[in-house]
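K.L.:
input-v3.txt is reproduced in full below (compact mmCIF, C-alpha atoms and all ligand atoms).
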```txt
# COMPACT_ATOMS: atom_id res chain seq x y z
CA GLY A 479 -158.34 -22.51 93.43
CA SER A 480 -155.38 -22.56 91.09
CA VAL A 481 -153.25 -25.63 91.56
CA ILE A 482 -151.45 -27.23 88.64
CA GLY A 483 -150.75 -30.93 89.10
CA ILE A 484 -147.52 -32.07 87.45
CA ILE A 485 -146.85 -35.76 86.97
CA GLY A 486 -143.11 -36.42 87.00
CA GLY A 487 -140.40 -34.87 89.14
CA GLY A 488 -137.51 -34.09 86.79
CA GLN A 489 -135.94 -30.86 85.63
CA LEU A 490 -138.71 -30.15 83.13
CA GLY A 491 -141.21 -30.15 85.99
CA ARG A 492 -138.89 -28.00 88.08
CA MET A 493 -138.62 -25.29 85.44
CA THR A 494 -142.38 -25.54 84.77
CA ALA A 495 -143.09 -25.11 88.50
CA LEU A 496 -140.89 -22.00 88.59
CA ALA A 497 -142.79 -20.54 85.63
CA ALA A 498 -146.11 -21.50 87.22
CA ALA A 499 -145.16 -19.63 90.39
CA GLU A 500 -144.41 -16.52 88.32
CA LEU A 501 -147.96 -16.67 86.97
CA GLY A 502 -149.46 -17.08 90.42
CA TYR A 503 -150.10 -20.83 90.45
CA ARG A 504 -149.23 -23.39 93.04
CA VAL A 505 -147.94 -26.76 91.90
CA HIS A 506 -148.64 -30.24 93.26
CA VAL A 507 -146.08 -32.77 92.05
CA PHE A 508 -146.64 -36.51 91.72
CA THR A 509 -143.40 -38.48 91.48
CA PRO A 510 -141.91 -41.75 92.65
CA GLU A 511 -138.57 -40.03 93.25
CA GLN A 512 -137.57 -38.68 96.69
CA ASN A 513 -136.10 -35.17 96.72
CA SER A 514 -136.83 -34.81 93.01
CA PRO A 515 -135.78 -31.65 91.15
CA THR A 516 -139.44 -30.57 90.83
CA GLU A 517 -140.49 -30.96 94.45
CA GLN A 518 -137.50 -28.89 95.55
CA VAL A 519 -139.23 -25.82 94.11
CA SER A 520 -142.90 -26.60 94.68
CA ALA A 521 -145.30 -26.36 97.57
CA HIS A 522 -146.73 -29.84 97.58
CA VAL A 523 -145.55 -33.32 96.61
CA THR A 524 -147.05 -36.80 96.62
CA HIS A 525 -144.64 -39.70 96.30
CA GLY A 526 -146.14 -42.69 94.59
CA ALA A 527 -145.76 -45.13 91.73
CA TYR A 528 -147.22 -44.06 88.39
CA ASP A 529 -149.48 -47.11 88.38
CA ASP A 530 -150.72 -46.59 91.95
CA GLN A 531 -154.35 -45.95 91.06
CA ASP A 532 -155.38 -44.80 94.57
CA ALA A 533 -152.51 -42.38 95.05
CA ILE A 534 -153.05 -40.94 91.57
CA GLU A 535 -156.75 -40.50 92.30
CA THR A 536 -156.12 -38.59 95.52
CA PHE A 537 -153.65 -36.43 93.62
CA GLY A 538 -156.19 -35.82 90.85
CA ARG A 539 -158.79 -34.61 93.37
CA SER A 540 -156.35 -32.10 94.88
CA VAL A 541 -155.57 -30.15 91.69
CA ASP A 542 -157.40 -27.96 89.17
CA VAL A 543 -155.61 -29.25 86.08
CA VAL A 544 -153.14 -32.07 85.45
CA THR A 545 -150.15 -32.07 83.16
CA PHE A 546 -146.95 -34.07 82.64
CA GLU A 547 -143.28 -33.38 82.50
CA PHE A 548 -142.69 -37.00 81.56
CA GLU A 549 -144.71 -38.95 79.00
CA ASN A 550 -144.03 -42.49 80.11
CA VAL A 551 -146.93 -42.68 82.52
CA PRO A 552 -149.31 -45.61 81.95
CA ALA A 553 -152.02 -44.26 79.64
CA GLN A 554 -154.62 -46.10 81.76
CA THR A 555 -153.62 -44.08 84.82
CA VAL A 556 -154.01 -40.88 82.88
CA ARG A 557 -157.34 -41.93 81.46
CA HIS A 558 -158.79 -42.28 84.97
CA LEU A 559 -157.45 -38.88 85.95
CA ALA A 560 -159.60 -37.25 83.30
CA ASP A 561 -162.70 -37.93 85.43
CA LEU A 562 -161.21 -35.84 88.25
CA ALA A 563 -159.63 -32.84 86.55
CA PRO A 564 -158.86 -31.57 83.05
CA VAL A 565 -155.84 -33.49 81.78
CA ARG A 566 -153.69 -31.46 79.36
CA PRO A 567 -152.46 -32.88 77.12
CA SER A 568 -154.95 -35.73 76.94
CA TRP A 569 -154.13 -39.39 77.44
CA GLU A 570 -154.66 -39.93 73.73
CA CYS A 571 -151.75 -37.56 73.03
CA LEU A 572 -149.59 -39.34 75.58
CA ALA A 573 -150.48 -42.74 74.15
CA ILE A 574 -149.30 -41.64 70.70
CA CYS A 575 -146.08 -40.01 71.90
CA GLN A 576 -145.00 -42.73 74.32
CA ASP A 577 -144.87 -45.49 71.72
CA ARG A 578 -142.71 -45.34 68.60
CA VAL A 579 -145.07 -47.51 66.53
CA ARG A 580 -148.07 -45.31 67.30
CA GLU A 581 -145.95 -42.18 66.82
CA LYS A 582 -144.73 -43.15 63.37
CA THR A 583 -148.12 -44.49 62.32
CA PHE A 584 -149.66 -41.18 63.35
CA CYS A 585 -147.14 -39.23 61.25
CA ASN A 586 -147.42 -41.44 58.20
CA GLU A 587 -151.23 -41.33 58.28
CA LEU A 588 -151.00 -37.53 58.20
CA GLY A 589 -148.71 -37.75 55.18
CA ILE A 590 -145.67 -36.74 57.27
CA GLU A 591 -142.52 -38.62 56.33
CA THR A 592 -140.38 -40.64 58.73
CA ALA A 593 -137.43 -42.98 58.26
CA PRO A 594 -138.57 -46.33 56.84
CA TRP A 595 -139.58 -48.52 59.79
CA LYS A 596 -141.07 -51.86 60.79
CA ALA A 597 -142.47 -53.13 64.07
CA VAL A 598 -140.40 -56.00 65.51
CA SER A 599 -141.30 -58.36 68.35
CA SER A 600 -139.05 -61.39 67.76
CA VAL A 601 -135.75 -62.39 66.17
CA GLU A 602 -137.72 -63.68 63.16
CA ASP A 603 -139.40 -60.28 62.78
CA LEU A 604 -136.00 -58.62 63.06
CA LYS A 605 -134.50 -60.77 60.30
CA ALA A 606 -137.45 -59.96 58.03
CA ALA A 607 -137.21 -56.25 58.89
CA ILE A 608 -133.47 -56.15 58.15
CA ALA A 609 -134.12 -57.90 54.84
CA GLU A 610 -136.65 -55.20 53.98
CA ILE A 611 -135.05 -52.03 55.43
CA GLY A 612 -131.42 -53.06 55.11
CA ALA A 613 -128.36 -51.96 57.06
CA PRO A 614 -127.27 -49.65 58.54
CA SER A 615 -130.39 -49.34 60.62
CA ILE A 616 -131.34 -48.82 64.26
CA LEU A 617 -133.32 -51.14 66.48
CA LYS A 618 -135.21 -49.18 69.16
CA THR A 619 -137.51 -50.21 72.00
CA THR A 620 -141.00 -48.89 71.23
CA GLN A 621 -141.32 -47.39 74.72
CA LEU A 622 -139.28 -45.84 77.53
CA GLY A 623 -136.11 -44.98 75.60
CA TYR A 624 -134.43 -41.62 76.20
CA ASP A 625 -130.99 -40.08 75.65
CA GLY A 626 -130.31 -42.82 73.09
CA LYS A 627 -130.89 -45.62 75.62
CA GLY A 628 -132.82 -48.63 74.37
CA GLN A 629 -131.20 -48.55 70.94
CA VAL A 630 -128.94 -50.97 69.08
CA ARG A 631 -127.20 -50.14 65.80
CA ILE A 632 -127.50 -52.76 63.06
CA HIS A 633 -124.67 -53.07 60.54
CA ALA A 634 -124.33 -55.35 57.53
CA ASP A 635 -122.47 -57.92 59.64
CA THR A 636 -124.62 -57.71 62.79
CA ASP A 637 -126.08 -61.01 63.99
CA PRO A 638 -129.83 -60.35 64.48
CA ALA A 639 -129.98 -62.74 67.43
CA ASN A 640 -127.23 -60.81 69.24
CA ALA A 641 -128.85 -57.47 68.46
CA TRP A 642 -132.18 -58.72 69.79
CA GLN A 643 -130.51 -59.93 72.94
CA ASP A 644 -128.60 -56.65 73.37
CA LEU A 645 -131.86 -54.74 73.18
CA GLY A 646 -133.42 -57.06 75.77
CA GLY A 647 -136.26 -58.29 73.56
CA GLY A 648 -139.77 -56.98 74.09
CA SER A 649 -141.44 -54.70 71.62
CA ALA A 650 -139.27 -52.76 69.20
CA ILE A 651 -139.02 -51.09 65.83
CA LEU A 652 -136.32 -51.22 63.21
CA GLU A 653 -135.65 -47.84 61.60
CA GLY A 654 -133.57 -47.18 58.53
CA PHE A 655 -130.44 -45.16 59.38
CA VAL A 656 -130.90 -41.61 58.12
CA ASP A 657 -127.86 -39.93 56.59
CA PHE A 658 -128.97 -36.52 57.82
CA LYS A 659 -127.37 -33.13 57.16
CA LEU A 660 -128.59 -31.84 60.49
CA GLU A 661 -131.17 -32.37 63.18
CA ILE A 662 -133.75 -29.73 64.02
CA SER A 663 -136.74 -29.40 66.29
CA VAL A 664 -139.76 -27.19 66.64
CA ILE A 665 -141.85 -26.58 69.74
CA THR A 666 -145.48 -25.58 69.33
CA ALA A 667 -147.85 -24.45 72.05
CA ARG A 668 -151.55 -25.05 71.53
CA ARG A 669 -154.47 -23.88 73.61
CA LYS A 670 -157.92 -25.35 74.02
CA GLY A 671 -159.87 -23.90 71.11
CA GLY A 672 -156.90 -24.25 68.79
CA ALA A 673 -154.75 -21.11 69.10
CA MET A 674 -151.12 -22.04 68.36
CA ALA A 675 -147.70 -20.44 68.58
CA SER A 676 -144.36 -22.02 67.65
CA PHE A 677 -140.87 -21.05 68.71
CA ASP A 678 -138.17 -20.62 66.09
CA VAL A 679 -136.80 -23.83 64.59
CA VAL A 680 -133.50 -24.82 66.20
CA GLU A 681 -130.59 -27.12 65.36
CA ASN A 682 -129.70 -29.92 67.78
CA ARG A 683 -126.30 -31.58 67.99
CA HIS A 684 -125.96 -34.84 69.86
CA LYS A 685 -122.97 -36.59 71.45
CA ASP A 686 -123.23 -40.31 72.21
CA GLY A 687 -127.00 -40.17 71.60
CA ILE A 688 -127.49 -37.35 74.14
CA LEU A 689 -128.36 -33.77 73.23
CA ASP A 690 -125.19 -31.72 73.64
CA LYS A 691 -126.02 -28.37 72.09
CA THR A 692 -128.96 -26.46 70.66
CA ILE A 693 -128.34 -23.61 68.25
CA ALA A 694 -131.15 -21.09 67.94
CA PRO A 695 -132.18 -20.34 65.29
CA ALA A 696 -131.22 -23.25 63.01
CA ASN A 697 -129.15 -22.09 60.06
CA ILE A 698 -131.61 -23.32 57.41
CA PRO A 699 -133.51 -21.54 54.61
CA ALA A 700 -136.67 -19.74 55.73
CA ASP A 701 -138.92 -21.92 53.57
CA LEU A 702 -137.57 -25.09 55.19
CA ALA A 703 -138.09 -23.61 58.67
CA ALA A 704 -141.64 -22.74 57.65
CA LYS A 705 -142.20 -26.33 56.52
CA ALA A 706 -140.92 -27.67 59.83
CA THR A 707 -143.20 -25.31 61.73
CA ALA A 708 -146.17 -26.34 59.60
CA ILE A 709 -145.45 -30.01 60.37
CA GLY A 710 -145.33 -29.33 64.12
CA GLN A 711 -148.58 -27.39 64.00
CA LYS A 712 -150.32 -29.97 61.85
CA MET A 713 -149.41 -32.67 64.34
CA ALA A 714 -150.49 -30.67 67.39
CA GLN A 715 -153.80 -29.92 65.73
CA ALA A 716 -154.37 -33.49 64.53
CA MET A 717 -154.01 -34.86 68.06
CA ASN A 718 -156.03 -31.95 69.50
CA LEU A 719 -153.14 -31.34 71.86
CA VAL A 720 -153.37 -28.77 74.65
CA GLY A 721 -149.92 -27.89 76.00
CA LEU A 722 -146.61 -28.16 74.15
CA LEU A 723 -145.56 -30.47 71.35
CA ALA A 724 -141.85 -30.79 70.55
CA VAL A 725 -141.10 -32.47 67.21
CA GLU A 726 -137.60 -33.68 66.36
CA MET A 727 -136.76 -33.89 62.66
CA PHE A 728 -133.90 -34.91 60.40
CA VAL A 729 -132.95 -32.65 57.48
CA THR A 730 -131.73 -34.73 54.55
CA GLN A 731 -130.57 -33.70 51.11
CA ASP A 732 -131.44 -35.55 47.94
CA GLY A 733 -129.17 -36.04 44.90
CA TYR A 734 -130.35 -32.71 43.46
CA GLY A 735 -129.45 -30.81 46.65
CA LYS A 736 -133.07 -30.42 47.70
CA ALA A 737 -133.74 -30.57 51.44
CA HIS A 738 -136.30 -32.95 52.94
CA LEU A 739 -137.70 -33.32 56.43
CA LEU A 740 -138.25 -36.63 58.21
CA VAL A 741 -139.86 -36.68 61.65
CA ASN A 742 -137.80 -38.61 64.21
CA GLU A 743 -139.95 -38.44 67.32
CA MET A 744 -142.05 -36.08 69.39
CA ALA A 745 -142.72 -35.21 73.01
CA PRO A 746 -145.95 -33.71 74.41
CA ARG A 747 -144.20 -31.48 76.95
CA PRO A 748 -141.35 -28.99 77.35
CA HIS A 749 -138.23 -30.26 75.63
CA ASN A 750 -134.50 -29.96 76.19
CA SER A 751 -134.17 -28.29 72.79
CA GLY A 752 -136.43 -25.48 74.08
CA HIS A 753 -134.32 -24.51 77.08
CA TRP A 754 -132.73 -21.70 75.06
CA THR A 755 -136.09 -19.86 75.17
CA GLN A 756 -135.55 -19.14 78.87
CA ASP A 757 -132.98 -16.51 77.93
CA GLY A 758 -133.41 -15.99 74.17
CA CYS A 759 -137.16 -15.38 73.88
CA LYS A 760 -139.66 -13.01 75.39
CA THR A 761 -141.70 -16.01 76.60
CA SER A 762 -139.95 -19.21 77.70
CA GLN A 763 -141.26 -22.65 76.72
CA PHE A 764 -142.07 -23.22 80.40
CA GLU A 765 -144.16 -20.09 80.71
CA GLN A 766 -145.85 -20.95 77.42
CA PHE A 767 -146.57 -24.46 78.68
CA VAL A 768 -148.20 -23.10 81.85
CA ARG A 769 -150.24 -20.62 79.81
CA ALA A 770 -151.52 -23.35 77.49
CA VAL A 771 -152.28 -25.81 80.29
CA ALA A 772 -153.98 -23.14 82.45
CA ASP A 773 -155.93 -21.92 79.40
CA LEU A 774 -154.42 -18.46 79.40
CA PRO A 775 -153.56 -16.48 76.25
CA LEU A 776 -150.24 -17.59 74.73
CA GLY A 777 -147.25 -15.28 74.96
CA THR A 778 -145.18 -13.99 72.07
CA THR A 779 -142.60 -16.52 70.90
CA GLU A 780 -140.38 -13.73 69.56
CA ARG A 781 -136.65 -14.44 69.79
CA HIS A 782 -134.83 -11.37 71.07
CA SER A 783 -131.37 -12.99 70.92
CA ASP A 784 -129.70 -15.78 69.04
CA THR A 785 -128.82 -18.40 71.62
CA VAL A 786 -126.63 -21.46 72.05
CA MET A 787 -127.69 -23.89 74.78
CA LEU A 788 -125.13 -26.31 76.17
CA ASN A 789 -126.14 -29.24 78.36
CA LEU A 790 -124.08 -29.90 81.49
CA LEU A 791 -123.77 -33.64 81.86
CA GLY A 792 -122.15 -35.90 84.34
CA SER A 793 -120.52 -36.25 87.60
CA HIS A 794 -118.91 -33.01 88.73
CA ALA A 795 -121.82 -30.91 89.91
CA GLU A 796 -119.55 -28.92 92.22
CA LEU A 797 -117.79 -27.60 89.12
CA TRP A 798 -120.88 -26.19 87.45
CA HIS A 799 -120.78 -22.88 89.29
CA GLN A 800 -117.40 -22.31 87.63
CA GLN A 801 -119.43 -21.66 84.47
CA LEU A 802 -120.26 -18.32 86.07
CA SER A 803 -116.68 -17.13 85.74
CA ASP A 804 -117.75 -16.24 82.21
CA PRO A 805 -120.20 -13.41 82.87
CA GLU A 806 -122.00 -14.12 79.59
CA ASN A 807 -123.13 -17.60 80.67
CA LYS A 808 -126.69 -17.96 81.90
CA LEU A 809 -126.63 -20.98 84.23
CA HIS A 810 -129.59 -23.24 85.04
CA LEU A 811 -129.05 -26.10 87.50
CA TYR A 812 -131.52 -28.84 88.31
CA GLY A 813 -130.66 -29.61 91.95
CA LYS A 814 -129.91 -33.28 91.30
CA ALA A 815 -128.27 -34.89 94.28
CA GLU A 816 -126.66 -37.83 92.51
CA PRO A 817 -124.51 -36.82 89.60
CA ARG A 818 -123.53 -39.68 87.33
CA GLN A 819 -122.05 -40.01 83.93
CA GLY A 820 -124.33 -38.84 81.12
CA ARG A 821 -126.95 -37.48 83.54
CA LYS A 822 -128.34 -34.04 82.69
CA MET A 823 -127.39 -31.80 85.65
CA GLY A 824 -128.10 -28.38 84.16
CA HIS A 825 -127.51 -26.24 81.09
CA ILE A 826 -126.09 -22.90 80.11
CA ASN A 827 -127.45 -20.44 77.59
CA ARG A 828 -125.17 -18.07 75.73
CA LEU A 829 -126.80 -15.11 74.04
CA TYR A 830 -125.68 -13.45 70.80
CA PRO A 831 -127.12 -10.47 68.94
CA LYS A 832 -130.18 -11.44 66.94
CA GLY A 833 -129.24 -12.34 63.37
CA SER A 834 -125.60 -13.06 64.14
CA GLN A 835 -126.09 -16.81 63.42
CA PRO A 836 -123.86 -18.31 66.12
CA LYS A 837 -122.17 -21.52 65.03
CA GLY A 838 -121.86 -22.82 68.58
P1 LIG B 901 -134.30 -38.27 73.31
O1 LIG B 901 -133.37 -38.08 74.44
O2 LIG B 901 -134.22 -37.20 72.24
O3 LIG B 901 -135.72 -38.58 73.71
P2 LIG B 901 -134.26 -41.01 72.34
O4 LIG B 901 -133.52 -41.93 73.21
O5 LIG B 901 -135.75 -41.01 72.40
O6 LIG B 901 -133.71 -39.53 72.53
P3 LIG B 901 -133.93 -40.73 69.45
O7 LIG B 901 -134.24 -39.29 69.46
O8 LIG B 901 -134.81 -41.59 68.62
O9 LIG B 901 -133.80 -41.38 70.89
O10 LIG B 901 -132.42 -40.95 68.97
C1 LIG B 901 -131.36 -40.24 69.58
C2 LIG B 901 -130.43 -39.71 68.51
O11 LIG B 901 -129.88 -40.81 67.75
C3 LIG B 901 -131.12 -38.85 67.47
O12 LIG B 901 -131.27 -37.51 67.89
C4 LIG B 901 -130.16 -39.01 66.28
O13 LIG B 901 -128.99 -38.25 66.49
C5 LIG B 901 -129.79 -40.48 66.38
N1 LIG B 901 -130.77 -41.27 65.60
C6 LIG B 901 -131.93 -41.79 66.05
N2 LIG B 901 -132.60 -42.43 65.08
C7 LIG B 901 -131.85 -42.31 63.97
C8 LIG B 901 -132.00 -42.77 62.61
N3 LIG B 901 -133.05 -43.48 62.21
N4 LIG B 901 -131.01 -42.45 61.74
C9 LIG B 901 -129.91 -41.74 62.13
N5 LIG B 901 -129.72 -41.30 63.38
C10 LIG B 901 -130.67 -41.57 64.30
MG MG B 902 -137.10 -39.59 72.85
MG MG B 903 -134.87 -37.75 70.45
```
Kindly return the structure encoded in the file as C-alpha cells.
P.N.:
Amino acid sequence: GSVIGIIGGGQLGRMTALAAAELGYRVHVFTPEQNSPTEQVSAHVTHGAYDDQDAIETFGRSVDVVTFEFENVPAQTVRHLADLAPVRPSWECLAICQDRVREKTFCNELGIETAPWKAVSSVEDLKAAIAEIGAPSILKTTQLGYDGKGQVRIHADTDPANAWQDLGGGSAILEGFVDFKLEISVITARRKGGAMASFDVVENRHKDGILDKTIAPANIPADLAAKATAIGQKMAQAMNLVGLLAVEMFVTQDGYGKAHLLVNEMAPRPHNSGHWTQDGCKTSQFEQFVRAVADLPLGTTERHSDTVMLNLLGSHAELWHQQLSDPENKLHLYGKAEPRQGRKMGHINRLYPKGSQPKG
C-alpha cells in the first residue's frame, strides 16, 4: 500500500500530488475546499474541517504516511494523527512554524539572528514594544498570516490603539523593520535518519507583500550562500524535520559593508520560492518532498539552468495561456476556479544558461 495523505488542497498539494504520481504513489487529500487545486489531480479526496477529529481520523487510517501542504492545521489534530500513520513533518515542527513567537524563539535559542521582536497581546504591550523596538516596525499576527496579510506597519506617528484595531487584536508580535539589501530563501530536504540536501539559495522580490519573482541563483557571494544553507540545515536538524524546510532570510549590510543574515520566517513544506526547481533543477522541490516523506533516497539538487520564476496573480485566468506565445516560458497553472485580485493563479519559469546570472 502506498498512499500519501496530504492535508491541504492548494497549489502546493497539487504539484506534490503530480510528483507523487510520477513516483508511483497515490494521494489522498484532506481539505475543506470544494474542487480544490489538489483534488483536481488526485485519486481520492475527503472534504472536512481541519478540526474535525473524526474525519481526520478516518483519513489517517486510509493512508500510509501523512504530510501537509499547509501548516496552519491545529497542532492537536496533527498530534492525534501520529497514532494512525507516520506524520512527516511532525506536529512539533508544525507547531514551531505556524506561530511567529515560537518560530523566532526557536531561531534565537539556536543562536540564529532575527529582527528584534516582542510578543504583543494588548495595546499596553504594543506601546511598551514600540518604546523598546522603535519605529519603523511591523506588527504581525502570530498565526495564519500569508502574502503579507495580518500585518500593520508602525511609523513614528502611528497611534498604537489604531494599529492594534487595524490588526484585529489577538496575539501578535512587533518586529523591527529591517532595512534589507535583498531577501533570499533556502529550501532543505531532510530524510528520516538525517540525510539532507539543499537547493541553491535564491533571491525573492516582493510586490505589495506578495512574492512576485524568484531569481535562481541569488547573486550573492558564495560564502554568504553557504552560510544561508548552513542555517537552513541547522534548523531542519534541530527540529528533527522530515520533509522540506523553506527558510526566508533578509540580507543586511553593516556600516563596514559586511553582509549579515536575519531569518524572517520558515515553512515546513514546499515553498513558492522553490517553484523554479521544477524547470531549473534535475529534481524539483515537489519530487524531493515526496522522496523525503516516503523515505526514499533524496535526488540531486543540481541546478542545470539559471531560472527566473514569475508569479501570475489576479483575476484574468483566461489570459494566462497567452504566456505561451513566448516559447521560452514554462507555464504552471493551478486550476483555481475563482480568480481574484492578489490570488496566486500560476507561475512561469524562464530558463537561462547556467552561470549567466539573470537579473529578472
Ligand atoms: P509569506 O507569503 O511569505 O508567508 P507572510 O504574510 O507570512 O508572507 P512575511 O514573510 O513575514 O509575511 O512578510 C512578507 C514580506 O514583508 C517579507 O517578505 C518582506 O518583504 C516584508 N517584511 C516582513 N517583515 C519585515 C521586516 N521585519 N522588515 C522589513 N520587511 C519585512
Ligand atoms: Mg509566511
Ligand atoms: Mg514570508
K.L.:
Check the smallest atom-to-atom distance from each of A:Gly589, A:Pro817, A:Gly824, A:Gly710 to His799 (chain A) using only C-alpha atoms, then report the winner.
P.N.:
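Distance minimum relative to His799 (chain A) lands on A:Gly824.
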K.L.:
Within 12 Å of region 808-813 of chain A, which residues of region 489-522 of chain A come that close, and what is the closest atom pair and distance in Å for each? Count all atoms listed in the file and give it as a Markdown table.
P.N.:
```
| residue | atom | partner | partner_atom | distance |
| --- | --- | --- | --- | --- |
| A:Gln489 | CA | A:Tyr812 | CA | 5.5 |
| A:Leu490 | CA | A:Tyr812 | CA | 9.0 |
| A:Gly491 | CA | A:Tyr812 | CA | 10.0 |
| A:Arg492 | CA | A:Tyr812 | CA | 7.4 |
| A:Met493 | CA | A:Tyr812 | CA | 8.4 |
| A:Thr494 | CA | A:Tyr812 | CA | 11.9 |
| A:Leu496 | CA | A:Tyr812 | CA | 11.6 |
| A:Asn513 | CA | A:Gly813 | CA | 9.1 |
| A:Ser514 | CA | A:Gly813 | CA | 8.1 |
| A:Pro515 | CA | A:Gly813 | CA | 5.6 |
| A:Thr516 | CA | A:Tyr812 | CA | 8.5 |
| A:Glu517 | CA | A:Gly813 | CA | 10.2 |
| A:Gln518 | CA | A:Gly813 | CA | 7.8 |
| A:Val519 | CA | A:Gly813 | CA | 9.6 |
```
K.L.:
As an exercise, work out the distance from CA of Lys627 (chain A) to CA of Ala650 (chain A) in Å and give it to one decimal place.
P.N.:
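Atom-to-atom, CA of Lys627 (chain A) to CA of Ala650 (chain A), that is 12.7 Å.
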K.L.:
Here's a test: counting all atoms listed in the file, identify every protein, DNA and RNA residue with an atom at most 9 Å from (-141.8, -34.7, 61.2) in the file's coordinate frame, and state them as a list of chain:residue names.
P.N.:
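So the residues meeting the distance criterion are A:Cys585, A:Ile590, A:Glu591, A:Thr592, A:Ser663, A:Ala706, A:Ile709, A:Gly710, A:Met713, A:Val725, A:Glu726, A:Met727, A:Phe728, A:Leu739, A:Leu740, A:Val741, A:Asn742, A:Glu743, A:Met744.
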K.L.:
Please list as a PyMOL selection string every residue within 8 Å of Lys659 (chain A), counting all atoms listed in the file and excluding residues in the same chain fewer than 3 positions away.
P.N.:
chain A and resi 728-731
K.L.:
For each of A:Leu622, A:Val679, A:Val505, A:Val523, take the minimum atom-to-atom distance to ligand MG 903 (chain B), counting all atoms listed in the file, then give the residue where this is smallest.
P.N.:
A:Leu622
K.L.:
To one decimal place in Å, what is the distance between CA of Ala694 (chain A) and CA of Thr707 (chain A)?
P.N.:
14.2 Å
K.L.:
For ligand LIG 901 (chain B), list the contacting residues at 8 Å or closer, counting all atoms listed in the file, as number ranges by chain.
P.N.:
A: 593, 615-616, 618, 622-629, 653-658, 661, 682-685, 687-689, 726, 742-743, 745
K.L.:
Can you work out the spacing between CA of Pro638 (chain A) and CA of Val601 (chain A) in Å, to one decimal?
P.N.:
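According to the coordinates, CA of Pro638 (chain A) and CA of Val601 (chain A) are separated by 6.5 Å.
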K.L.:
Looking at all atoms listed in the file, which of A:Ala533, A:Ile826, A:Val507, A:Cys575 is the one that sits closest to ligand MG 902 (chain B)?
P.N.:
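The answer is A:Cys575, which sits nearest to ligand MG 902 (chain B).
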K.L.:
Once you add 8 Å to each side, what are the centre and edge lengths of the axis-aligned box holding all listed atoms of region 571-588 of chain A? One decimal in Å, as JSON, if you can.
P.N.:
```
{"center_x": -147.2, "center_y": -42.5, "center_z": 66.9, "size_x": 25.0, "size_y": 26.0, "size_z": 33.4}
```
K.L.:
Name all residues at most 8 Å from region 770-777 of chain A (count only C-alpha atoms; drop same-chain ones fewer than 2 positions away) and give them as a PDB file with C-alpha atoms, in the coordinates of the input.
P.N.:
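Result went into result-v7.pdb, see below:
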```
ATOM      1  CA  ILE A 482    -151.450 -27.230  88.640  1.00  0.00           C
ATOM      2  CA  VAL A 543    -155.610 -29.250  86.080  1.00  0.00           C
ATOM      3  CA  THR A 545    -150.150 -32.070  83.160  1.00  0.00           C
ATOM      4  CA  ARG A 566    -153.690 -31.460  79.360  1.00  0.00           C
ATOM      5  CA  PRO A 567    -152.460 -32.880  77.120  1.00  0.00           C
ATOM      6  CA  ALA A 667    -147.850 -24.450  72.050  1.00  0.00           C
ATOM      7  CA  ARG A 668    -151.550 -25.050  71.530  1.00  0.00           C
ATOM      8  CA  ARG A 669    -154.470 -23.880  73.610  1.00  0.00           C
ATOM      9  CA  LYS A 670    -157.920 -25.350  74.020  1.00  0.00           C
ATOM     10  CA  MET A 674    -151.120 -22.040  68.360  1.00  0.00           C
ATOM     11  CA  ALA A 675    -147.700 -20.440  68.580  1.00  0.00           C
ATOM     12  CA  VAL A 720    -153.370 -28.770  74.650  1.00  0.00           C
ATOM     13  CA  GLY A 721    -149.920 -27.890  76.000  1.00  0.00           C
ATOM     14  CA  LEU A 722    -146.610 -28.160  74.150  1.00  0.00           C
ATOM     15  CA  LYS A 760    -139.660 -13.010  75.390  1.00  0.00           C
ATOM     16  CA  THR A 761    -141.700 -16.010  76.600  1.00  0.00           C
ATOM     17  CA  GLN A 766    -145.850 -20.950  77.420  1.00  0.00           C
ATOM     18  CA  PHE A 767    -146.570 -24.460  78.680  1.00  0.00           C
ATOM     19  CA  VAL A 768    -148.200 -23.100  81.850  1.00  0.00           C
ATOM     20  CA  THR A 779    -142.600 -16.520  70.900  1.00  0.00           C
TER      21      THR A 779
END
```
K.L.:
Which polymer residues, whether protein, DNA or RNA, lie within 12 Å of the coordinate (-137.6, -62.3, 63.5) when you count all atoms listed in the file? List them as number ranges by chain, using the chain letters and numbers from the file.
P.N.:
A: 596-610, 637-642, 647, 649-652
K.L.:
Need the shell around Leu797 (chain A): protein/DNA/RNA residues with any atom at most 12 Å away, counting all atoms listed in the file. Skip same-chain ones fewer than 4 positions apart. Format as a PyMOL selection string?
P.N.:
chain A and resi 790-793+801-803+811+817+823-824
K.L.:
I want to know what sits within 12 Å of Asp530 (chain A), based on only C-alpha atoms, with residues of the same chain fewer than 4 positions away left out; could you give that as a PyMOL selection string?
P.N.:
chain A and resi 508-510+524-526+534-537+551-552+554-556+558-559
K.L.:
Taking only C-alpha atoms and all ligand atoms into account, which of A:Asp529, A:Asp635, A:Asp690, A:Glu500 comes nearest ligand MG 903 (chain B)?
P.N.:
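Smallest distance to ligand MG 903 (chain B) is found for A:Asp690.
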K.L.:
Can you work out which one of A:Glu549, A:Pro831, A:Asp561, A:Thr620 has the shortest atom-to-atom distance to Val579 (chain A), counting only C-alpha atoms?
P.N.:
A:Thr620
K.L.:
Pop region 778-793 of chain A out of the structure in the block and write C-alpha atoms as an mmCIF file, in the first residue's frame.
P.N.:
```cif
data_model
loop_
_atom_site.group_PDB
_atom_site.id
_atom_site.type_symbol
_atom_site.label_atom_id
_atom_site.label_comp_id
_atom_site.auth_asym_id
_atom_site.auth_seq_id
_atom_site.Cartn_x
_atom_site.Cartn_y
_atom_site.Cartn_z
ATOM 1 C CA THR A 778 20.352 15.594 -6.714
ATOM 2 C CA THR A 779 19.556 19.264 -6.148
ATOM 3 C CA GLU A 780 21.855 20.273 -9.018
ATOM 4 C CA ARG A 781 20.727 23.365 -10.925
ATOM 5 C CA HIS A 782 21.070 22.773 -14.651
ATOM 6 C CA SER A 783 19.802 26.246 -15.622
ATOM 7 C CA ASP A 784 19.598 29.656 -14.058
ATOM 8 C CA THR A 785 15.911 30.405 -13.670
ATOM 9 C CA VAL A 786 13.566 33.318 -13.046
ATOM 10 C CA MET A 787 10.150 32.423 -11.638
ATOM 11 C CA LEU A 788 7.305 34.896 -12.028
ATOM 12 C CA ASN A 789 4.052 34.510 -10.104
ATOM 13 C CA LEU A 790 0.802 35.007 -12.028
ATOM 14 C CA LEU A 791 -1.579 36.817 -9.733
ATOM 15 C CA GLY A 792 -5.098 38.023 -10.025
ATOM 16 C CA SER A 793 -8.225 37.988 -11.939
#
```
